[in-house]
Every structure is written in structure tokens, then in C-alpha cells.
Amino acid sequence: MITMKVKEVAQLFSISIRTLHHYDQIGLLTPKEVTDAGYRLYSEENLETLQQILFFRELGFTLKEIKEIMNNPLFDKKEAFILQRKMLMEKRNKVDRMIENIDKTLKHITGEIHMTNKERFEGMNIKFNQFEEEARRRWGKQTIDDANSKLIGLSKEEQIDLSDRWDRIFHHLASLRHQSPQSKEVQDAIKEWYDFLNENFTHYSLEAFYGLGQLYIQDERFTKNIDQYGEGLASFMSEAMKVFADHHQ
């Protein structure tokens, strides 16, 4: 069986020796053999495992998550590669849409074409994966993986329709943000948001829905993104989601 030293593996995969040592220390990638002199020797199976680790890392998985996934007795390497390919294709498609948007915008600037406001944000308004890692840490990998599986299965037209519905809900909530979060109109709008998440992504318990609302004000990335629809919307939605969760307990 072919074996490679740690330096050779590091050069092959363009990663540092320190990274490989760290993977060994945390039990993520244990070399097939360690010589009496302390040299780590990696087998072909080790290299295949490392390949999958690096794909998972590229897709935003944490080392802890990767270890849990790959140590699962039900883990299947072939299925994992198929899933990774789907996720990478989706990532590439999003980048392609953004590049297309930039090309159109440059033509708009030079007067070659005219872009509507809606066209300006095409390819940019599929926001669902922006805070994937944060959501995973709070509610677990399975919740987000279920959501991703649904999104990957959607056609481009279905994704655009989903994004449009997302925007309509946020614009509607923004128009209500000066009312009391406890008002019936606001709570009906928040219920629409709650139902939208559950219908199109994965099941949100009332506790998870409340926790999501807290993220809106605790994480400035969420706050900035949501407040684009109207100043103070993130805080308003957070409070309204808390009222909704408390009322339906």
C-alpha cells in the first residue's frame, strides 16, 4: 500500500503541516501509521478522507461537525461526495448569477442597457445560506441540512418565487414596524413569516423561532441585512417573534 509523509500530503493538498497535525490531535484524521521516529504516514484511504474533509470545510462545516458526520456509523463516502457536489454546484450557480448581475450593471452604467430596481438585485436576493454556520451552531446540523436539501431541489424559477415571497413578507412587516408588536395585524404578519419558514425550510419550534428573533438583534450581520427593509425592523421583528412564541406556548 502506498504511504505518504506529512510533508508530501501537505504539498499535495496545498495545506500546512500544522493543519494536518491539528487534524490528528483532534481525532479527525489519524495517520495510518506513525513510525518509531515519529513520522506520520498517510494511506490512500487517509487521503480520501482528507479530500472529503476539505470539501466539507469549503462548504462551511466546522471541524466539530465534520468529525461528527464522518464518525457516524451511517456515514457513506459516496453519498457524501454526491451531496458535496450538489452543494458546490449550488454555490457556483449563485456566483454565476452574481457575475451576470455585475456584467449587466456595468452595461447599465455605460448606458448600453437600462436596469430596473428589481433587476439590480437579481442573483443577490437568495439570502438563505448567509448565516448557515451560525444557525447550525444554535440549532444543529440536521435542521440546516434539511433546509439546504429543499433549496437544492428547487428550480431557478421556484427559487426566484421563494425570494419574492420573502421580500414581500419583509416589506409588509417593515410597513407595520411603528405599530405595537402585540397588535393583531403585526402578529398575523409574524405568523405568515413563521409559516413561511416552516413550509419552505424546516420545522421551527416556538423556542427556535424565538431564538431566531434574538439573533436578529444580537448579530449585527442579521440586523444590518434586515434593517435594509426599514430602520429598526430587526428589533421590531425580534420583539414580535417573542410575543408570538410566548402566546402560542
# chains A, B, ... in the order shown; residues from 1 in each chain; ligands from 1

$ residues_around --residues "segment 4-7 of chain A" --least-positions-apart "5" --cutoff "7 Å" --atoms "only C-alpha atoms" --output "ChimeraX atom specification"
/A:17,40-43

$ write_last_selection --atoms "N, CA and C atoms" --output "compact mmCIF listing (two decimals), in the first residue's frame"
# COMPACT_ATOMS: atom_id res chain seq x y z
N ILE A 17 1.43 21.77 7.19
CA ILE A 17 1.74 20.61 8.04
C ILE A 17 1.07 20.78 9.40
N ARG A 40 4.64 10.68 10.64
CA ARG A 40 3.27 10.29 10.29
C ARG A 40 3.24 9.80 8.85
N LEU A 41 2.62 8.64 8.61
CA LEU A 41 2.49 8.08 7.28
C LEU A 41 1.02 7.94 6.94
N TYR A 42 0.63 8.48 5.78
CA TYR A 42 -0.77 8.52 5.37
C TYR A 42 -1.04 7.54 4.24
N SER A 43 -2.12 6.79 4.37
CA SER A 43 -2.51 5.81 3.36
C SER A 43 -3.42 6.47 2.32

$ residues_around --residues "segment 19-33 of chain A" --least-positions-apart "4" --cutoff "10 Å" --atoms "only C-alpha atoms" --output "PyMOL selection string"
chain A and resi 3-7+9-10+15+38-47+49-50+53+63-64+66-68+70-71

$ atom_distance --atom1 "atom CA of Arg177 of chain A" --atom2 "atom CA of Met241 of chain A"
12.6 Å

$ select_by_dssp --residues "segment 4-198 of chain A" --states "alpha helix (DSSP H)" --output "tab-separated table (two decimals) with N, CA and C atoms, in the first residue's frame"
chain	number	residue	atom	x	y	z
A	6	VAL	N	3.89	13.36	5.97
A	6	VAL	CA	3.05	14.52	6.22
A	6	VAL	C	3.41	15.69	5.31
A	7	LYS	N	4.70	15.88	5.04
A	7	LYS	CA	5.12	16.98	4.17
A	7	LYS	C	4.61	16.77	2.75
A	8	GLU	N	4.62	15.54	2.28
A	8	GLU	CA	4.15	15.23	0.93
A	8	GLU	C	2.64	15.45	0.82
A	9	VAL	N	1.91	15.07	1.86
A	9	VAL	CA	0.46	15.26	1.86
A	9	VAL	C	0.13	16.74	1.89
A	10	ALA	N	0.86	17.49	2.70
A	10	ALA	CA	0.64	18.93	2.79
A	10	ALA	C	0.85	19.60	1.44
A	11	GLN	N	1.89	19.19	0.72
A	11	GLN	CA	2.17	19.78	-0.59
A	11	GLN	C	1.12	19.37	-1.61
A	12	LEU	N	0.66	18.12	-1.53
A	12	LEU	CA	-0.32	17.60	-2.48
A	12	LEU	C	-1.64	18.35	-2.38
A	13	PHE	N	-2.07	18.66	-1.15
A	13	PHE	CA	-3.36	19.30	-0.93
A	13	PHE	C	-3.25	20.80	-0.68
A	17	ILE	N	1.43	21.77	7.19
A	17	ILE	CA	1.74	20.61	8.04
A	17	ILE	C	1.07	20.78	9.40
A	18	ARG	N	1.03	22.01	9.86
A	18	ARG	CA	0.40	22.30	11.16
A	18	ARG	C	-1.08	21.90	11.15
A	19	THR	N	-1.74	22.13	10.00
A	19	THR	CA	-3.16	21.75	9.89
A	19	THR	C	-3.32	20.25	10.00
A	20	LEU	N	-2.46	19.51	9.34
A	20	LEU	CA	-2.52	18.04	9.41
A	20	LEU	C	-2.25	17.55	10.83
A	21	HIS	N	-1.31	18.17	11.50
A	21	HIS	CA	-1.03	17.81	12.90
A	21	HIS	C	-2.27	18.07	13.76
A	22	HIS	N	-2.94	19.20	13.50
A	22	HIS	CA	-4.13	19.55	14.28
A	22	HIS	C	-5.25	18.54	14.03
A	23	TYR	N	-5.45	18.15	12.78
A	23	TYR	CA	-6.48	17.16	12.46
A	23	TYR	C	-6.20	15.85	13.19
A	24	ASP	N	-4.94	15.51	13.31
A	24	ASP	CA	-4.55	14.29	14.03
A	24	ASP	C	-4.83	14.44	15.53
A	25	GLN	N	-4.49	15.58	16.08
A	25	GLN	CA	-4.66	15.82	17.52
A	25	GLN	C	-6.12	15.77	17.95
A	44	GLU	N	-3.75	5.70	1.28
A	44	GLU	CA	-4.67	6.19	0.25
A	44	GLU	C	-6.04	6.48	0.87
A	45	GLU	N	-6.46	5.65	1.81
A	45	GLU	CA	-7.73	5.87	2.49
A	45	GLU	C	-7.69	7.17	3.29
A	46	ASN	N	-6.55	7.45	3.92
A	46	ASN	CA	-6.38	8.72	4.63
A	46	ASN	C	-6.54	9.90	3.68
A	47	LEU	N	-5.97	9.78	2.48
A	47	LEU	CA	-6.05	10.86	1.51
A	47	LEU	C	-7.48	11.09	1.05
A	48	GLU	N	-8.24	10.02	0.89
A	48	GLU	CA	-9.65	10.14	0.50
A	48	GLU	C	-10.45	10.83	1.60
A	49	THR	N	-10.13	10.48	2.84
A	49	THR	CA	-10.80	11.12	3.98
A	49	THR	C	-10.46	12.60	4.03
A	50	LEU	N	-9.18	12.93	3.82
A	50	LEU	CA	-8.76	14.33	3.83
A	50	LEU	C	-9.46	15.11	2.72
A	51	GLN	N	-9.62	14.49	1.57
A	51	GLN	CA	-10.32	15.14	0.46
A	51	GLN	C	-11.73	15.54	0.88
A	52	GLN	N	-12.43	14.63	1.54
A	52	GLN	CA	-13.79	14.94	1.97
A	52	GLN	C	-13.81	16.01	3.06
A	53	ILE	N	-12.84	15.96	3.95
A	53	ILE	CA	-12.75	16.99	4.99
A	53	ILE	C	-12.62	18.37	4.37
A	54	LEU	N	-11.76	18.49	3.37
A	54	LEU	CA	-11.52	19.79	2.74
A	54	LEU	C	-12.74	20.27	1.96
A	55	PHE	N	-13.49	19.34	1.36
A	55	PHE	CA	-14.74	19.72	0.70
A	55	PHE	C	-15.75	20.24	1.72
A	56	PHE	N	-15.87	19.54	2.83
A	56	PHE	CA	-16.80	19.98	3.88
A	56	PHE	C	-16.39	21.36	4.41
A	57	ARG	N	-15.09	21.58	4.57
A	57	ARG	CA	-14.61	22.88	5.04
A	57	ARG	C	-14.97	23.99	4.05
A	58	GLU	N	-14.80	23.70	2.78
A	58	GLU	CA	-15.13	24.68	1.74
A	58	GLU	C	-16.61	25.05	1.78
A	63	LEU	N	-15.05	21.97	12.00
A	63	LEU	CA	-14.31	20.72	12.22
A	63	LEU	C	-15.07	19.78	13.14
A	64	LYS	N	-15.74	20.34	14.14
A	64	LYS	CA	-16.54	19.53	15.06
A	64	LYS	C	-17.65	18.82	14.30
A	65	GLU	N	-18.33	19.55	13.42
A	65	GLU	CA	-19.41	18.95	12.63
A	65	GLU	C	-18.88	17.86	11.71
A	66	ILE	N	-17.74	18.14	11.07
A	66	ILE	CA	-17.15	17.17	10.15
A	66	ILE	C	-16.81	15.88	10.89
A	67	LYS	N	-16.25	16.01	12.07
A	67	LYS	CA	-15.89	14.83	12.86
A	67	LYS	C	-17.13	14.03	13.22
A	68	GLU	N	-18.20	14.73	13.63
A	68	GLU	CA	-19.44	14.05	13.99
A	68	GLU	C	-20.04	13.32	12.78
A	69	ILE	N	-20.00	13.98	11.63
A	69	ILE	CA	-20.56	13.38	10.42
A	69	ILE	C	-19.78	12.14	10.01
A	70	MET	N	-18.46	12.26	9.96
A	70	MET	CA	-17.64	11.17	9.44
A	70	MET	C	-17.48	10.03	10.42
A	77	LYS	N	-19.36	7.37	2.21
A	77	LYS	CA	-18.44	8.27	1.49
A	77	LYS	C	-19.00	8.67	0.13
A	78	LYS	N	-19.57	7.71	-0.58
A	78	LYS	CA	-20.09	8.01	-1.92
A	78	LYS	C	-21.25	9.00	-1.83
A	79	GLU	N	-22.16	8.77	-0.91
A	79	GLU	CA	-23.30	9.68	-0.73
A	79	GLU	C	-22.81	11.07	-0.34
A	80	ALA	N	-21.76	11.11	0.48
A	80	ALA	CA	-21.21	12.40	0.91
A	80	ALA	C	-20.65	13.17	-0.28
A	81	PHE	N	-19.93	12.48	-1.17
A	81	PHE	CA	-19.39	13.14	-2.35
A	81	PHE	C	-20.51	13.66	-3.26
A	82	ILE	N	-21.59	12.89	-3.39
A	82	ILE	CA	-22.73	13.32	-4.21
A	82	ILE	C	-23.36	14.57	-3.61
A	83	LEU	N	-23.54	14.58	-2.28
A	83	LEU	CA	-24.11	15.74	-1.62
A	83	LEU	C	-23.20	16.95	-1.75
A	84	GLN	N	-21.90	16.73	-1.58
A	84	GLN	CA	-20.94	17.83	-1.70
A	84	GLN	C	-20.98	18.42	-3.11
A	85	ARG	N	-21.12	17.57	-4.09
A	85	ARG	CA	-21.19	18.06	-5.48
A	85	ARG	C	-22.43	18.94	-5.67
A	86	LYS	N	-23.55	18.52	-5.14
A	86	LYS	CA	-24.78	19.30	-5.26
A	86	LYS	C	-24.63	20.66	-4.59
A	87	MET	N	-24.03	20.66	-3.41
A	87	MET	CA	-23.86	21.91	-2.69
A	87	MET	C	-22.89	22.85	-3.40
A	88	LEU	N	-21.83	22.28	-3.97
A	88	LEU	CA	-20.86	23.10	-4.70
A	88	LEU	C	-21.47	23.64	-6.00
A	89	MET	N	-22.32	22.84	-6.66
A	89	MET	CA	-23.00	23.31	-7.86
A	89	MET	C	-23.91	24.48	-7.52
A	90	GLU	N	-24.61	24.37	-6.40
A	90	GLU	CA	-25.49	25.46	-5.98
A	90	GLU	C	-24.68	26.72	-5.68
A	91	LYS	N	-23.53	26.52	-5.03
A	91	LYS	CA	-22.66	27.65	-4.72
A	91	LYS	C	-22.16	28.29	-6.01
A	92	ARG	N	-21.78	27.47	-6.99
A	92	ARG	CA	-21.30	28.00	-8.27
A	92	ARG	C	-22.41	28.74	-9.01
A	93	ASN	N	-23.62	28.21	-8.97
A	93	ASN	CA	-24.75	28.85	-9.63
A	93	ASN	C	-25.01	30.24	-9.04
A	94	LYS	N	-24.88	30.36	-7.73
A	94	LYS	CA	-25.10	31.65	-7.09
A	94	LYS	C	-24.03	32.66	-7.52
A	95	VAL	N	-22.78	32.19	-7.58
A	95	VAL	CA	-21.70	33.07	-8.02
A	95	VAL	C	-21.93	33.49	-9.47
A	96	ASP	N	-22.36	32.54	-10.33
A	96	ASP	CA	-22.63	32.86	-11.73
A	96	ASP	C	-23.71	33.92	-11.86
A	97	ARG	N	-24.76	33.81	-11.02
A	97	ARG	CA	-25.84	34.80	-11.08
A	97	ARG	C	-25.35	36.18	-10.66
A	98	MET	N	-24.47	36.21	-9.68
A	98	MET	CA	-23.94	37.50	-9.23
A	98	MET	C	-23.01	38.11	-10.28
A	99	ILE	N	-22.21	37.29	-10.95
A	99	ILE	CA	-21.34	37.79	-12.02
A	99	ILE	C	-22.19	38.34	-13.16
A	100	GLU	N	-23.26	37.63	-13.51
A	100	GLU	CA	-24.16	38.10	-14.56
A	100	GLU	C	-24.77	39.44	-14.18
A	101	ASN	N	-25.11	39.59	-12.90
A	101	ASN	CA	-25.67	40.84	-12.42
A	101	ASN	C	-24.65	41.98	-12.57
A	102	ILE	N	-23.39	41.70	-12.22
A	102	ILE	CA	-22.33	42.72	-12.35
A	102	ILE	C	-22.15	43.13	-13.81
A	103	ASP	N	-22.15	42.15	-14.72
A	103	ASP	CA	-21.99	42.45	-16.15
A	103	ASP	C	-23.12	43.37	-16.63
A	104	LYS	N	-24.35	43.08	-16.21
A	104	LYS	CA	-25.48	43.92	-16.61
A	104	LYS	C	-25.37	45.31	-15.99
A	105	THR	N	-24.91	45.36	-14.75
A	105	THR	CA	-24.78	46.64	-14.07
A	105	THR	C	-23.76	47.52	-14.77
A	106	LEU	N	-22.65	46.93	-15.21
A	106	LEU	CA	-21.63	47.70	-15.93
A	106	LEU	C	-22.20	48.27	-17.23
A	107	LYS	N	-23.02	47.47	-17.92
A	107	LYS	CA	-23.66	47.96	-19.15
A	107	LYS	C	-24.66	49.06	-18.84
A	108	HIS	N	-25.32	48.93	-17.69
A	108	HIS	CA	-26.28	49.96	-17.27
A	108	HIS	C	-25.55	51.28	-17.00
A	109	ILE	N	-24.39	51.18	-16.36
A	109	ILE	CA	-23.61	52.38	-16.03
A	109	ILE	C	-23.15	53.10	-17.29
A	117	ASN	N	-35.02	48.42	-10.76
A	117	ASN	CA	-34.55	48.19	-9.39
A	117	ASN	C	-34.58	46.70	-9.05
A	118	LYS	N	-35.58	46.00	-9.54
A	118	LYS	CA	-35.67	44.57	-9.27
A	118	LYS	C	-34.51	43.83	-9.90
A	119	GLU	N	-34.16	44.23	-11.13
A	119	GLU	CA	-33.06	43.56	-11.83
A	119	GLU	C	-31.72	43.79	-11.14
A	120	ARG	N	-31.59	44.92	-10.47
A	120	ARG	CA	-30.34	45.21	-9.77
A	120	ARG	C	-30.00	44.15	-8.72
A	132	GLU	N	-25.54	30.37	7.66
A	132	GLU	CA	-25.72	28.94	7.82
A	132	GLU	C	-24.96	28.39	9.03
A	133	GLU	N	-23.70	28.77	9.14
A	133	GLU	CA	-22.88	28.21	10.21
A	133	GLU	C	-23.39	28.64	11.58
A	134	GLU	N	-23.82	29.90	11.70
A	134	GLU	CA	-24.35	30.37	12.96
A	134	GLU	C	-25.61	29.60	13.35
A	135	ALA	N	-26.47	29.37	12.40
A	135	ALA	CA	-27.70	28.63	12.66
A	135	ALA	C	-27.40	27.19	13.05
A	136	ARG	N	-26.40	26.60	12.41
A	136	ARG	CA	-26.03	25.23	12.75
A	136	ARG	C	-25.58	25.13	14.21
A	137	ARG	N	-24.77	26.09	14.63
A	137	ARG	CA	-24.26	26.04	16.00
A	137	ARG	C	-25.39	26.14	17.01
A	138	ARG	N	-26.43	26.86	16.67
A	138	ARG	CA	-27.50	27.10	17.63
A	138	ARG	C	-28.56	26.00	17.61
A	139	TRP	N	-28.88	25.49	16.42
A	139	TRP	CA	-29.99	24.55	16.34
A	139	TRP	C	-29.62	23.21	15.76
A	141	LYS	N	-26.97	20.66	13.06
A	141	LYS	CA	-26.68	20.44	11.66
A	141	LYS	C	-27.90	19.96	10.89
A	142	GLN	N	-28.71	19.07	11.47
A	142	GLN	CA	-29.79	18.45	10.73
A	142	GLN	C	-30.81	19.47	10.27
A	143	THR	N	-31.09	20.45	11.11
A	143	THR	CA	-32.06	21.48	10.76
A	143	THR	C	-31.66	22.20	9.49
A	144	ILE	N	-30.40	22.62	9.41
A	144	ILE	CA	-29.94	23.37	8.25
A	144	ILE	C	-29.76	22.47	7.04
A	145	ASP	N	-29.33	21.23	7.25
A	145	ASP	CA	-29.18	20.32	6.13
A	145	ASP	C	-30.52	20.03	5.48
A	146	ASP	N	-31.58	19.90	6.30
A	146	ASP	CA	-32.92	19.69	5.75
A	146	ASP	C	-33.32	20.87	4.89
A	147	ALA	N	-33.03	22.08	5.37
A	147	ALA	CA	-33.36	23.29	4.61
A	147	ALA	C	-32.58	23.32	3.30
A	148	ASN	N	-31.30	22.99	3.36
A	148	ASN	CA	-30.47	23.01	2.16
A	148	ASN	C	-30.95	22.00	1.13
A	149	SER	N	-31.38	20.82	1.60
A	149	SER	CA	-31.86	19.79	0.70
A	149	SER	C	-33.08	20.28	-0.07
A	150	LYS	N	-33.96	21.00	0.61
A	150	LYS	CA	-35.14	21.55	-0.06
A	150	LYS	C	-34.75	22.59	-1.09
A	151	LEU	N	-33.81	23.47	-0.74
A	151	LEU	CA	-33.40	24.54	-1.65
A	151	LEU	C	-32.72	23.98	-2.89
A	152	ILE	N	-31.87	22.97	-2.70
A	152	ILE	CA	-31.16	22.39	-3.82
A	152	ILE	C	-32.13	21.77	-4.82
A	156	LYS	N	-34.75	27.19	-10.74
A	156	LYS	CA	-34.39	28.60	-10.66
A	156	LYS	C	-35.64	29.45	-10.49
A	157	GLU	N	-36.72	29.10	-11.22
A	157	GLU	CA	-37.96	29.86	-11.13
A	157	GLU	C	-38.56	29.75	-9.74
A	158	GLU	N	-38.50	28.56	-9.15
A	158	GLU	CA	-39.05	28.36	-7.81
A	158	GLU	C	-38.23	29.14	-6.77
A	159	GLN	N	-36.92	29.20	-6.97
A	159	GLN	CA	-36.08	29.97	-6.06
A	159	GLN	C	-36.40	31.45	-6.13
A	160	ILE	N	-36.62	31.94	-7.35
A	160	ILE	CA	-36.96	33.36	-7.51
A	160	ILE	C	-38.31	33.66	-6.87
A	161	ASP	N	-39.27	32.74	-7.05
A	161	ASP	CA	-40.59	32.92	-6.44
A	161	ASP	C	-40.48	32.92	-4.92
A	162	LEU	N	-39.65	32.03	-4.39
A	162	LEU	CA	-39.46	31.96	-2.95
A	162	LEU	C	-38.84	33.25	-2.42
A	163	SER	N	-37.86	33.76	-3.17
A	163	SER	CA	-37.21	35.00	-2.78
A	163	SER	C	-38.18	36.18	-2.82
A	164	ASP	N	-39.05	36.20	-3.85
A	164	ASP	CA	-40.03	37.28	-3.96
A	164	ASP	C	-41.00	37.26	-2.78
A	165	ARG	N	-41.41	36.06	-2.39
A	165	ARG	CA	-42.31	35.93	-1.24
A	165	ARG	C	-41.62	36.41	0.03
A	166	TRP	N	-40.34	36.05	0.16
A	166	TRP	CA	-39.51	36.50	1.28
A	166	TRP	C	-39.53	38.02	1.35
A	167	ASP	N	-39.27	38.65	0.22
A	167	ASP	CA	-39.22	40.11	0.16
A	167	ASP	C	-40.57	40.74	0.51
A	168	ARG	N	-41.64	40.16	0.00
A	168	ARG	CA	-42.96	40.72	0.27
A	168	ARG	C	-43.28	40.69	1.76
A	169	ILE	N	-42.93	39.59	2.42
A	169	ILE	CA	-43.18	39.47	3.85
A	169	ILE	C	-42.40	40.54	4.62
A	170	PHE	N	-41.13	40.72	4.26
A	170	PHE	CA	-40.30	41.70	4.97
A	170	PHE	C	-40.76	43.13	4.69
A	171	HIS	N	-41.15	43.41	3.46
A	171	HIS	CA	-41.66	44.75	3.16
A	171	HIS	C	-42.95	45.02	3.93
A	172	HIS	N	-43.81	44.01	4.03
A	172	HIS	CA	-45.06	44.17	4.77
A	172	HIS	C	-44.78	44.42	6.25
A	173	LEU	N	-43.86	43.65	6.82
A	173	LEU	CA	-43.50	43.85	8.23
A	173	LEU	C	-42.89	45.23	8.44
A	174	ALA	N	-42.09	45.66	7.49
A	174	ALA	CA	-41.48	47.00	7.61
A	174	ALA	C	-42.54	48.09	7.64
A	175	SER	N	-43.62	47.88	6.90
A	175	SER	CA	-44.70	48.88	6.87
A	175	SER	C	-45.47	48.92	8.19
A	184	LYS	N	-52.87	42.76	16.51
A	184	LYS	CA	-53.31	41.62	15.71
A	184	LYS	C	-52.70	41.65	14.32
A	185	GLU	N	-52.63	42.82	13.71
A	185	GLU	CA	-52.09	42.92	12.36
A	185	GLU	C	-50.62	42.50	12.32
A	186	VAL	N	-49.87	42.93	13.32
A	186	VAL	CA	-48.46	42.57	13.39
A	186	VAL	C	-48.30	41.07	13.65
A	187	GLN	N	-49.09	40.55	14.57
A	187	GLN	CA	-48.99	39.13	14.89
A	187	GLN	C	-49.42	38.26	13.71
A	188	ASP	N	-50.38	38.72	12.93
A	188	ASP	CA	-50.76	37.98	11.72
A	188	ASP	C	-49.60	37.95	10.72
A	189	ALA	N	-48.89	39.08	10.62
A	189	ALA	CA	-47.75	39.15	9.70
A	189	ALA	C	-46.61	38.27	10.18
A	190	ILE	N	-46.38	38.23	11.49
A	190	ILE	CA	-45.33	37.38	12.05
A	190	ILE	C	-45.69	35.91	11.87
A	191	LYS	N	-46.97	35.60	11.99
A	191	LYS	CA	-47.40	34.21	11.75
A	191	LYS	C	-47.13	33.81	10.31
A	192	GLU	N	-47.31	34.76	9.39
A	192	GLU	CA	-47.01	34.49	7.98
A	192	GLU	C	-45.52	34.16	7.82
A	193	TRP	N	-44.65	34.88	8.53
A	193	TRP	CA	-43.20	34.61	8.50
A	193	TRP	C	-42.89	33.25	9.11
A	194	TYR	N	-43.53	32.95	10.23
A	194	TYR	CA	-43.34	31.66	10.90
A	194	TYR	C	-43.78	30.51	9.97
A	195	ASP	N	-44.94	30.66	9.34
A	195	ASP	CA	-45.45	29.63	8.44
A	195	ASP	C	-44.55	29.49	7.21
A	196	PHE	N	-44.06	30.62	6.71
A	196	PHE	CA	-43.17	30.60	5.55
A	196	PHE	C	-41.91	29.79	5.83
A	197	LEU	N	-41.30	30.02	6.98
A	197	LEU	CA	-40.09	29.29	7.35
A	197	LEU	C	-40.37	27.80	7.47
A	198	ASN	N	-41.49	27.46	8.10
A	198	ASN	CA	-41.80	26.05	8.32
A	198	ASN	C	-42.21	25.34	7.04

$ closest_residue --among "A:Ala240, A:Met115, A:Leu212, A:Ile226" --to "Gln182 of chain A" --atoms "only C-alpha atoms"
A:Ala240

$ atom_distance --atom1 "atom CA of Tyr204 of chain A" --atom2 "atom CA of Ala245 of chain A"
10.8 Å

$ decode --residues "segment 24-41 of chain A" --atoms "N, CA, C and O atoms" --output "PDB file, in the first residue's frame"
ATOM      1  N   ASP A  24      -4.938  15.506  13.305  1.00  0.00           N
ATOM      2  CA  ASP A  24      -4.554  14.286  14.032  1.00  0.00           C
ATOM      3  C   ASP A  24      -4.835  14.440  15.530  1.00  0.00           C
ATOM      4  O   ASP A  24      -5.410  13.552  16.160  1.00  0.00           O
ATOM      5  N   GLN A  25      -4.486  15.581  16.081  1.00  0.00           N
ATOM      6  CA  GLN A  25      -4.661  15.822  17.519  1.00  0.00           C
ATOM      7  C   GLN A  25      -6.121  15.774  17.953  1.00  0.00           C
ATOM      8  O   GLN A  25      -6.445  15.326  19.052  1.00  0.00           O
ATOM      9  N   ILE A  26      -7.029  16.254  17.079  1.00  0.00           N
ATOM     10  CA  ILE A  26      -8.450  16.265  17.449  1.00  0.00           C
ATOM     11  C   ILE A  26      -9.170  14.995  17.009  1.00  0.00           C
ATOM     12  O   ILE A  26     -10.386  14.863  17.188  1.00  0.00           O
ATOM     13  N   GLY A  27      -8.435  14.059  16.438  1.00  0.00           N
ATOM     14  CA  GLY A  27      -9.036  12.786  16.052  1.00  0.00           C
ATOM     15  C   GLY A  27      -9.853  12.836  14.778  1.00  0.00           C
ATOM     16  O   GLY A  27     -10.670  11.954  14.521  1.00  0.00           O
ATOM     17  N   LEU A  28      -9.624  13.869  13.960  1.00  0.00           N
ATOM     18  CA  LEU A  28     -10.367  13.999  12.715  1.00  0.00           C
ATOM     19  C   LEU A  28      -9.714  13.192  11.596  1.00  0.00           C
ATOM     20  O   LEU A  28     -10.401  12.565  10.788  1.00  0.00           O
ATOM     21  N   LEU A  29      -8.402  13.206  11.545  1.00  0.00           N
ATOM     22  CA  LEU A  29      -7.662  12.461  10.523  1.00  0.00           C
ATOM     23  C   LEU A  29      -6.415  11.858  11.162  1.00  0.00           C
ATOM     24  O   LEU A  29      -5.413  12.547  11.350  1.00  0.00           O
ATOM     25  N   THR A  30      -6.505  10.588  11.492  1.00  0.00           N
ATOM     26  CA  THR A  30      -5.387   9.888  12.138  1.00  0.00           C
ATOM     27  C   THR A  30      -4.565   9.154  11.088  1.00  0.00           C
ATOM     28  O   THR A  30      -5.122   8.366  10.308  1.00  0.00           O
ATOM     29  N   PRO A  31      -3.270   9.409  11.000  1.00  0.00           N
ATOM     30  CA  PRO A  31      -2.441   8.724  10.011  1.00  0.00           C
ATOM     31  C   PRO A  31      -2.515   7.210  10.177  1.00  0.00           C
ATOM     32  O   PRO A  31      -2.745   6.702  11.282  1.00  0.00           O
ATOM     33  N   LYS A  32      -2.335   6.526   9.076  1.00  0.00           N
ATOM     34  CA  LYS A  32      -2.378   5.067   9.098  1.00  0.00           C
ATOM     35  C   LYS A  32      -1.304   4.500  10.010  1.00  0.00           C
ATOM     36  O   LYS A  32      -1.498   3.484  10.683  1.00  0.00           O
ATOM     37  N   GLU A  33      -0.168   5.214  10.073  1.00  0.00           N
ATOM     38  CA  GLU A  33       0.964   4.699  10.860  1.00  0.00           C
ATOM     39  C   GLU A  33       1.835   5.853  11.340  1.00  0.00           C
ATOM     40  O   GLU A  33       1.946   6.880  10.666  1.00  0.00           O
ATOM     41  N   VAL A  34       2.411   5.695  12.492  1.00  0.00           N
ATOM     42  CA  VAL A  34       3.416   6.621  12.995  1.00  0.00           C
ATOM     43  C   VAL A  34       4.669   5.798  13.283  1.00  0.00           C
ATOM     44  O   VAL A  34       4.632   4.849  14.070  1.00  0.00           O
ATOM     45  N   THR A  35       5.759   6.144  12.635  1.00  0.00           N
ATOM     46  CA  THR A  35       6.985   5.360  12.776  1.00  0.00           C
ATOM     47  C   THR A  35       7.612   5.578  14.154  1.00  0.00           C
ATOM     48  O   THR A  35       7.226   6.479  14.900  1.00  0.00           O
ATOM     49  N   ASP A  36       8.585   4.731  14.465  1.00  0.00           N
ATOM     50  CA  ASP A  36       9.298   4.853  15.743  1.00  0.00           C
ATOM     51  C   ASP A  36       9.985   6.200  15.857  1.00  0.00           C
ATOM     52  O   ASP A  36      10.164   6.733  16.966  1.00  0.00           O
ATOM     53  N   ALA A  37      10.308   6.774  14.712  1.00  0.00           N
ATOM     54  CA  ALA A  37      10.969   8.080  14.714  1.00  0.00           C
ATOM     55  C   ALA A  37       9.957   9.227  14.803  1.00  0.00           C
ATOM     56  O   ALA A  37      10.352  10.400  14.849  1.00  0.00           O
ATOM     57  N   GLY A  38       8.677   8.881  14.829  1.00  0.00           N
ATOM     58  CA  GLY A  38       7.645   9.905  14.978  1.00  0.00           C
ATOM     59  C   GLY A  38       7.091  10.453  13.671  1.00  0.00           C
ATOM     60  O   GLY A  38       6.319  11.421  13.679  1.00  0.00           O
ATOM     61  N   TYR A  39       7.436   9.833  12.550  1.00  0.00           N
ATOM     62  CA  TYR A  39       6.929  10.306  11.261  1.00  0.00           C
ATOM     63  C   TYR A  39       5.516   9.778  11.027  1.00  0.00           C
ATOM     64  O   TYR A  39       5.259   8.580  11.182  1.00  0.00           O
ATOM     65  N   ARG A  40       4.636  10.682  10.642  1.00  0.00           N
ATOM     66  CA  ARG A  40       3.266  10.289  10.289  1.00  0.00           C
ATOM     67  C   ARG A  40       3.238   9.798   8.847  1.00  0.00           C
ATOM     68  O   ARG A  40       3.728  10.474   7.944  1.00  0.00           O
ATOM     69  N   LEU A  41       2.624   8.641   8.615  1.00  0.00           N
ATOM     70  CA  LEU A  41       2.494   8.076   7.281  1.00  0.00           C
ATOM     71  C   LEU A  41       1.016   7.938   6.936  1.00  0.00           C
ATOM     72  O   LEU A  41       0.240   7.366   7.702  1.00  0.00           O
TER      73      LEU A  41
END
